[in-house]
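Novice: The following block contains the structure, expressed as structure tokens.
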Amino acid sequence: MSSEFLGLPFAPIEPEDRPRLAELLTRHPQPLSDYSPTSLVVWAPVCRHTYTIVEPDTLLVTTSSTRVPQPCLLQPVGAFPESVAGMLLDRGRRLDRPLQLESVSEEFLARHSSFVAHFDVRPVRDSANYIYSATELAELRGRRFASKRNLIAQASGLHAWSVERLTPKLVEACREVADDIASKRTAACSVTLDEETRALEGALQMLGPLGLHGLLLRIDGRPG
């Protein structure tokens, strides 16, 4: 069901919207993982994502949750002319609460400093993106990873393991892993983990349509 925010019509993000989002995000790539078209689709039911595209080419996405039920905006993506920035500021002032933007990149802060000057900017470490080198993780070369190589060698000697390419037939095995992690959660992280489990369920159910790939690791025959 469509909704309105800041005087603009927003529609829920559905799986069939992925090609449209992917086309825009390919032309305007972002450094934060929130702006992967697949991520937006998978997290839409959890974060109640809705979206609209403002002319000429600005993607606006709203987000909310059980913890923050009132909608706020993710960082605008794409062309962001002064006319659109001014419109958001003007309409934001009419809200009964301060307009809030989440998941804003350093690049956006630098490029649109005059717009950002109207906001209090605060880092949220719990939502930070961590970047890892795929090559380093795959090869574990050098002294820096010696302890990890030793742990892998020890585990290989103690357990039989196998790796399978993820298919829809293995979805239930992945759920077993998610349920095992969830059963060990603490009260402090239960909300976030519940949300991640819901998003994971959605991703597993749409492996093919979303073009997702993955591996399932079994340890002594059990998914792990």
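The chains in the structure tokens are called A, B, ... from first to last as shown; in each chain the residues are counted from 1, and the ligands are counted from 1 in the order shown.
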Any idea what's packed within 9 Å of region 169-175 of chain A, counting only C-alpha atoms, ignoring anything in its chain fewer than 6 positions away? Could you give it as a PyMOL selection string?

Specialist: chain A and resi 197+200-201+204-205+216+222-224

Novice: Near Pro37 (chain A), counting only C-alpha atoms, which residues have an atom at most 8 Å away, once you skip same-chain residues fewer than 6 positions from it, shown as a PDB file with C-alpha atoms, in the first residue's frame?

Specialist:
```
ATOM      1  CA  ARG A  18      14.785  -4.760  -7.851  1.00  0.00           C
ATOM      2  CA  LEU A  21      16.504   0.019  -8.183  1.00  0.00           C
ATOM      3  CA  ALA A  22      19.506  -1.826  -9.623  1.00  0.00           C
ATOM      4  CA  LEU A  25      22.103   2.293  -8.197  1.00  0.00           C
TER       5      LEU A  25
END
```

Novice: Using only C-alpha atoms, which residue out of A:Ser113, A:Ser133, A:Ser83, A:Ser3 lies closest to His49 (chain A)?

Specialist: A:Ser3

Novice: Taking the chain letters and numbering used in this document, name the residues of region 56-223 of chain A that DSSP puts in strand (DSSP E or B), as number ranges by chain.

Specialist: A: 58-63, 72-74, 77-78, 101-102, 161-165, 215-219, 222-223

Novice: Neighbours of Thr58 (chain A) within 6 Å (only C-alpha atoms; same-chain residues fewer than 5 positions away dropped), as a list in words?

Specialist: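 Near Thr58 (chain A), the qualifying residues are Ile53, Val77, Gly78 and Ala79 of chain A.
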
Novice: Pick out the residues sitting within 9 Å of region 147-159 of chain A, and hand them over as a VMD selection string; count only C-alpha atoms, and ignore anything fewer than 6 positions along from it in its own chain.

Specialist: chain A and resid 140 to 141 219 to 220

Novice: I need the chosen residues saved as a compact mmCIF listing (two decimals), in the first residue's frame, with N, CA and C atoms.

Specialist:
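Dumped to result.txt:
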```
# COMPACT_ATOMS: atom_id res chain seq x y z
N LEU A 140 44.61 -16.23 3.28
CA LEU A 140 45.21 -16.16 4.62
C LEU A 140 46.74 -16.24 4.56
N ARG A 141 47.34 -15.46 3.68
CA ARG A 141 48.79 -15.48 3.54
C ARG A 141 49.46 -14.59 4.57
N ILE A 219 29.81 -29.52 9.13
CA ILE A 219 30.86 -30.01 10.02
C ILE A 219 30.35 -31.29 10.66
N ASP A 220 31.05 -32.38 10.40
CA ASP A 220 30.61 -33.70 10.84
C ASP A 220 29.17 -33.96 10.40
```

Novice: Between CA of Asp34 (chain A) and CA of Ser103 (chain A), what is the spacing in Å?

Specialist: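 Answer for the CA of Ser103 (chain A) to CA of Asp34 (chain A) separation: 7.2 Å.
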
Novice: What's the separation between CA of Leu32 (chain A) and CA of Ala128 (chain A), in Å to one decimal place?

Specialist: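 Distance reported for this atom pair: 8.9 Å.
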
Novice: At what distance in Å, to one decimal, does CA of Thr62 (chain A) lie from CA of Arg122 (chain A)?

Specialist: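 Here the two named atoms are 18.9 Å from each other.
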
Novice: Residues at most 6 Å from Cys47 (chain A), counting only C-alpha atoms, excluding those fewer than 2 positions away in the same chain, as a CSV table (one decimal) with N, CA and C atoms, in the first residue's frame?

Specialist:
```
chain,number,residue,atom,x,y,z
A,43,TRP,N,15.6,-6.4,3.1
A,43,TRP,CA,15.3,-5.7,4.4
A,43,TRP,C,14.0,-4.9,4.4
A,44,ALA,N,13.3,-4.8,3.2
A,44,ALA,CA,12.1,-4.0,3.1
A,44,ALA,C,11.0,-4.5,4.1
A,45,PRO,N,10.7,-5.8,4.3
A,45,PRO,CA,9.7,-6.1,5.2
A,45,PRO,C,10.0,-5.8,6.7
A,49,HIS,N,10.7,-0.5,4.3
A,49,HIS,CA,11.2,0.4,3.3
A,49,HIS,C,10.1,0.8,2.3
A,63,THR,N,12.6,4.5,6.0
A,63,THR,CA,12.8,3.3,6.8
A,63,THR,C,12.2,3.6,8.2
A,64,SER,N,11.8,2.5,8.8
A,64,SER,CA,11.3,2.6,10.2
A,64,SER,C,11.3,1.2,10.7
A,65,SER,N,11.1,1.0,12.0
A,65,SER,CA,11.2,-0.3,12.7
A,65,SER,C,10.4,-0.2,13.9
```

Novice: Tell me which protein, DNA and RNA residues are within 12 Å of Phe119 (chain A), counting only C-alpha atoms, leaving out same-chain ones fewer than 6 positions away, and put them as a VMD selection string.

Specialist: chain A and resid 89 92 to 93 98 to 102 104 109 112 to 113

Novice: Emit the selected residues as a compact mmCIF listing (two decimals), in the first residue's frame, including N, CA and C atoms.

Specialist:
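Saved result, out-v2.txt, follows:
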```txt
# COMPACT_ATOMS: atom_id res chain seq x y z
N LEU A 89 14.31 20.10 2.81
CA LEU A 89 14.49 20.94 4.00
C LEU A 89 13.20 21.69 4.34
N GLY A 92 10.66 19.19 5.52
CA GLY A 92 11.10 18.62 6.78
C GLY A 92 10.79 19.54 7.96
N ARG A 93 10.84 20.84 7.73
CA ARG A 93 10.55 21.80 8.80
C ARG A 93 9.08 21.75 9.22
N PRO A 98 12.09 16.54 14.18
CA PRO A 98 13.17 16.85 13.24
C PRO A 98 13.28 15.78 12.15
N LEU A 99 13.51 16.21 10.93
CA LEU A 99 13.75 15.27 9.83
C LEU A 99 15.05 14.54 10.09
N GLN A 100 15.04 13.23 9.98
CA GLN A 100 16.23 12.41 10.27
C GLN A 100 16.63 11.63 9.03
N LEU A 101 17.93 11.62 8.75
CA LEU A 101 18.50 10.81 7.67
C LEU A 101 19.43 9.77 8.28
N GLU A 102 19.36 8.55 7.77
CA GLU A 102 20.20 7.47 8.25
C GLU A 102 21.08 6.94 7.12
N VAL A 104 24.18 7.59 6.05
CA VAL A 104 24.74 8.65 5.21
C VAL A 104 26.25 8.44 5.07
N LEU A 109 28.32 13.49 2.70
CA LEU A 109 28.56 14.60 3.61
C LEU A 109 29.46 15.65 2.95
N HIS A 112 27.63 17.35 -0.40
CA HIS A 112 26.44 18.17 -0.18
C HIS A 112 26.51 18.87 1.18
N SER A 113 27.64 19.53 1.41
CA SER A 113 27.90 20.15 2.71
C SER A 113 26.88 21.23 3.07
```

Novice: Would you list, as a PyMOL selection string, the residues of region 25-223 of chain A that end up in helix (DSSP H, G or I) under DSSP run on this structure's backbone?

Specialist: chain A and resi 25-27+33-35+37-47+82-92+106-111+113-116+125-127+134-139+143-158+168-183+187-205+207-210

Novice: Restricting the calculation to only C-alpha atoms, which member of A:Leu212, A:Ala160, A:Leu207, A:Val54 is positioned closest to Gly7 (chain A)?

Specialist: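 Among the listed residues, the smallest separation from Gly7 (chain A) belongs to A:Val54.
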
Novice: Taking 6 positions as the minimum chain separation for residues in the same chain, which residues sit within 12 Å of Thr52 (chain A) when counting only C-alpha atoms? Answer as a list in words.

Specialist: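 With the cut-off at 12 Å, the set is Ser2, Ser3, Glu4, Phe5, Leu6, Gly7, Leu8, Pro9, Phe10, Ala11, Pro12, Ile13, Asp17, Arg20, Leu21, Leu24, Thr58, Leu59, Leu60, Val61, Thr62, Leu73, Leu74, Pro76 and Val77 of chain A.
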
Novice: Which one is closest to Arg218 (chain A): A:Leu166, A:Met206, A:Val124, A:Ile181? Count only C-alpha atoms.

Specialist: A:Leu166
